[in-house]
>>> print(open('coords33.tsv').read())   # TSV, C-alpha atoms
chain	number	residue	atom	x	y	z
A	1	MET	CA	8.19	7.14	-3.10
A	2	LEU	CA	4.51	8.00	-3.04
A	3	GLY	CA	2.35	7.64	0.02
A	4	ILE	CA	-1.28	7.93	0.99
A	5	LEU	CA	-1.73	10.41	3.79
A	6	ARG	CA	-4.64	11.22	6.02
A	7	GLN	CA	-5.19	13.90	8.58
A	8	ILE	CA	-5.56	12.65	12.15
A	9	GLY	CA	-5.86	15.22	14.91
A	10	GLY	CA	-3.95	17.84	12.98
A	11	ARG	CA	-1.12	15.42	12.12
A	12	ARG	CA	-0.55	13.62	8.89
A	13	GLN	CA	0.01	9.88	9.05
A	14	GLU	CA	1.22	7.76	6.21
A	15	LEU	CA	-1.15	4.80	5.82
A	16	VAL	CA	0.27	3.00	2.83
A	17	ARG	CA	3.59	3.36	1.13
A	18	LEU	CA	3.21	2.89	-2.60
A	19	VAL	CA	5.97	1.62	-4.82
A	20	SER	CA	6.90	3.56	-7.92
A	21	ALA	CA	6.22	1.93	-11.31
A	22	PRO	CA	9.90	1.10	-12.06
A	23	GLN	CA	10.30	-0.45	-8.60
A	24	LEU	CA	7.12	-2.46	-9.08
A	25	ARG	CA	8.36	-3.75	-12.46
A	26	THR	CA	11.65	-4.79	-10.86
A	27	LEU	CA	9.82	-6.62	-8.07
A	28	CYS	CA	7.50	-8.36	-10.56
A	29	ASP	CA	10.39	-9.32	-12.85
A	30	ALA	CA	12.29	-10.83	-9.93
A	31	LYS	CA	9.22	-12.79	-8.81
A	32	ASN	CA	8.56	-13.98	-12.39
A	33	ASP	CA	12.18	-15.09	-12.79
A	34	GLU	CA	11.98	-16.98	-9.49
A	35	SER	CA	8.69	-18.65	-10.49
A	36	LYS	CA	10.01	-19.54	-13.94
A	37	SER	CA	13.11	-21.11	-12.39
A	38	LYS	CA	10.94	-23.12	-10.01
A	39	ILE	CA	8.79	-24.46	-12.89
A	40	GLU	CA	11.88	-25.29	-14.97
A	41	LYS	CA	13.36	-27.22	-12.04
A	42	LEU	CA	10.15	-29.24	-11.64
A	43	LEU	CA	10.12	-29.99	-15.38
A	44	LYS	CA	13.70	-31.29	-15.26
A	45	ASP	CA	12.83	-33.80	-12.54
A	46	SER	CA	10.83	-36.10	-14.82
A	47	ASN	CA	10.12	-36.79	-18.51
A	48	VAL	CA	6.38	-36.58	-17.84
A	49	VAL	CA	5.09	-33.85	-15.53
A	50	LEU	CA	1.47	-33.17	-14.60
A	51	PHE	CA	0.27	-30.01	-12.89
A	52	MET	CA	-3.17	-30.83	-11.57
A	53	LYS	CA	-5.80	-30.08	-8.97
A	54	GLY	CA	-5.37	-32.74	-6.33
A	55	THR	CA	-3.18	-35.82	-6.56
A	56	PRO	CA	-3.26	-38.84	-8.88
A	57	ASP	CA	-4.79	-40.87	-6.03
A	58	GLN	CA	-7.30	-38.14	-5.23
A	59	PRO	CA	-7.97	-35.75	-8.13
A	60	MET	CA	-9.95	-32.67	-7.10
A	61	CYS	CA	-11.55	-31.95	-10.47
A	62	GLY	CA	-12.94	-33.95	-13.37
A	63	PHE	CA	-10.39	-32.68	-15.88
A	64	SER	CA	-7.46	-33.65	-13.65
A	65	ASN	CA	-9.08	-37.03	-13.09
A	66	ALA	CA	-9.46	-37.55	-16.86
A	67	VAL	CA	-5.76	-36.82	-17.44
A	68	VAL	CA	-4.75	-39.25	-14.68
A	69	GLN	CA	-7.01	-41.93	-16.20
A	70	ILE	CA	-5.48	-41.41	-19.65
A	71	LEU	CA	-1.96	-41.70	-18.23
A	72	ASN	CA	-3.05	-44.84	-16.34
A	73	MET	CA	-4.53	-46.38	-19.51
A	74	HIS	CA	-1.20	-45.90	-21.25
A	75	GLY	CA	0.64	-47.39	-18.27
A	76	VAL	CA	2.58	-44.22	-17.50
A	77	GLU	CA	3.78	-44.85	-13.97
A	78	ASN	CA	6.88	-42.71	-13.58
A	79	TYR	CA	5.54	-39.21	-13.82
A	80	SER	CA	5.80	-36.27	-11.54
A	81	SER	CA	2.57	-34.64	-10.37
A	82	HIS	CA	2.13	-31.34	-8.61
A	83	ASN	CA	-1.02	-30.28	-6.78
A	84	VAL	CA	-1.54	-26.63	-7.71
A	85	LEU	CA	-4.19	-26.27	-5.01
A	86	GLU	CA	-1.42	-26.50	-2.40
A	87	ASP	CA	0.69	-23.73	-3.92
A	88	GLU	CA	-0.91	-20.69	-5.56
A	89	THR	CA	2.50	-19.52	-6.75
A	90	ILE	CA	3.00	-22.73	-8.75
A	91	ARG	CA	-0.58	-22.54	-10.03
A	92	GLN	CA	-0.10	-19.07	-11.48
A	93	ALA	CA	3.50	-19.64	-12.55
A	94	VAL	CA	2.73	-22.72	-14.65
A	95	LYS	CA	-0.12	-20.87	-16.40
A	96	SER	CA	2.25	-18.04	-17.21
A	97	TYR	CA	5.08	-20.39	-18.20
A	98	SER	CA	2.95	-22.36	-20.67
A	99	ASN	CA	0.77	-19.44	-21.74
A	100	TRP	CA	-2.20	-21.75	-21.11
A	101	PRO	CA	-4.96	-20.54	-18.79
A	102	THR	CA	-6.27	-23.78	-17.33
A	103	ILE	CA	-5.22	-26.69	-15.15
A	104	PRO	CA	-4.39	-29.59	-15.63
A	105	GLN	CA	-1.28	-29.19	-17.74
A	106	VAL	CA	0.95	-31.97	-19.08
A	107	PHE	CA	4.60	-31.49	-20.02
A	108	ILE	CA	6.69	-34.06	-21.88
A	109	ASN	CA	10.47	-33.64	-21.84
A	110	GLY	CA	10.03	-30.10	-20.52
A	111	GLU	CA	7.72	-29.10	-23.38
A	112	PHE	CA	4.10	-28.16	-22.81
A	113	LEU	CA	1.88	-30.81	-24.40
A	114	GLY	CA	-1.54	-29.49	-23.41
A	115	GLY	CA	-4.44	-29.74	-21.05
A	116	CYS	CA	-7.18	-32.31	-20.69
A	117	ASP	CA	-8.80	-31.60	-24.05
A	118	ILE	CA	-5.57	-31.92	-26.03
A	119	LEU	CA	-4.43	-35.02	-24.14
A	120	LEU	CA	-7.82	-36.66	-24.73
A	121	GLN	CA	-7.68	-35.84	-28.45
A	122	MET	CA	-4.12	-37.21	-28.71
A	123	HIS	CA	-5.20	-40.35	-26.87
A	124	GLN	CA	-8.15	-40.84	-29.23
A	125	ASN	CA	-6.18	-40.33	-32.45
A	126	GLY	CA	-3.13	-42.35	-31.34
A	127	GLU	CA	-0.67	-39.46	-31.21
A	128	LEU	CA	-0.12	-39.88	-27.48
A	129	VAL	CA	1.41	-43.33	-28.04
A	130	GLU	CA	4.05	-41.77	-30.31
A	131	VAL	CA	4.76	-38.88	-27.93
A	132	LEU	CA	5.23	-41.27	-25.03
A	133	GLN	CA	7.55	-43.45	-27.12
A	134	SER	CA	9.69	-40.38	-27.82
A	135	VAL	CA	10.53	-40.25	-24.09
A	136	GLY	CA	11.01	-43.99	-23.71
A	137	VAL	CA	7.56	-44.88	-22.40
A	138	ARG	CA	5.93	-47.82	-24.15
A	139	SER	CA	2.19	-47.36	-24.00
A	140	ALA	CA	0.29	-50.20	-22.34
A	141	LEU	CA	-2.20	-49.86	-25.20
A	142	LEU	CA	0.48	-51.23	-27.55
A	143	ASN	CA	0.76	-54.28	-25.31
A	144	SER	CA	-2.98	-54.91	-25.58
A	145	GLU	CA	-2.79	-54.51	-29.39
A	146	THR	CA	0.04	-57.08	-29.51
A	147	LYS	CA	-2.04	-59.53	-27.45
A	148	LYS	CA	-5.01	-59.10	-29.82
A	149	GLU	CA	-2.80	-59.82	-32.83
A	150	ASP	CA	-1.30	-62.88	-31.14
A	151	LYS	CA	-4.76	-64.34	-30.62
A	152	LYS	CA	-5.56	-64.10	-34.35
>>> encode(input="coords33.tsv", output="C-alpha cells")
Amino acid sequence: MLGILRQIGGRRQELVRLVSAPQLRTLCDAKNDESKSKIEKLLKDSNVVLFMKGTPDQPMCGFSNAVVQILNMHGVENYSSHNVLEDETIRQAVKSYSNWPTIPQVFINGEFLGGCDILLQMHQNGELVEVLQSVGVRSALLNSETKKEDKK
C-alpha cells in the first residue's frame, strides 16, 4: 500500500492512503458490475424505458422533452422513466451500459434503441411504429391513419 507522507514537526504523517492498481481495478470492476446489474434490473421492469433529464411531466432539457413528446404522439403510456439528474451513478452507468455518451436514452425490450436524434429519425421515417408494435404497443398514429382512411 502506497501512502503520501509529509514531515510535521520531525514526525511523518500519512495524509492519503493510495490503493494499488490491482486493488483499484477490483474496486472499479465491483462497482461496474453493481451498476450494470442496477441498469439491467431497471430495463426488466418495462418494455419501454427512458433515461432522461427530469421527468415526463417536467423534462429538464429540450432533448428529453422531444423524446417524451414523440412517445406521447405514439400514445406510449406504459413506459418507465428515470431521472438521471437525481442519481449520478445511474447517469454514468447507463452511458457505459449502452456505450452512448448522451442522455436521453430509450430502451425497447432491454435493447438500446437510441437517443433523441435516432428516435426522431425513426418517428419521421415510420420505423418507430414497427418497433413499438414488436413490444405490443399500437402507435396512436396508426389510429389516426385508420380514421383518415375511414373518412375517404
>>> closest_residue(input="coords33.tsv", among="A:Asn47, A:Asn109, A:Thr89, A:Gln121", to="Val76 (chain A)", atoms="only C-alpha atoms")
A:Asn47
>>> atom_distance(input="coords33.tsv", atom1="CA of Asp33 (chain A)", atom2="CA of Glu88 (chain A)")
16.0 Å
>>> closest_residue(input="coords33.tsv", among="A:Asn83, A:Ala93, A:Glu77, A:Ile70", to="Leu128 (chain A)", atoms="only C-alpha atoms")
A:Ile70
>>> atom_distance(input="coords33.tsv", atom1="CA of Val84 (chain A)", atom2="CA of Ser96 (chain A)")
13.4 Å
>>> atom_distance(input="coords33.tsv", atom1="CA of Gln133 (chain A)", atom2="CA of Pro104 (chain A)")
21.6 Å
>>> closest_residue(input="coords33.tsv", among="A:Ile103, A:Ile90, A:Ile118, A:Val135", to="Met60 (chain A)", atoms="all atoms listed in the file")
A:Ile103
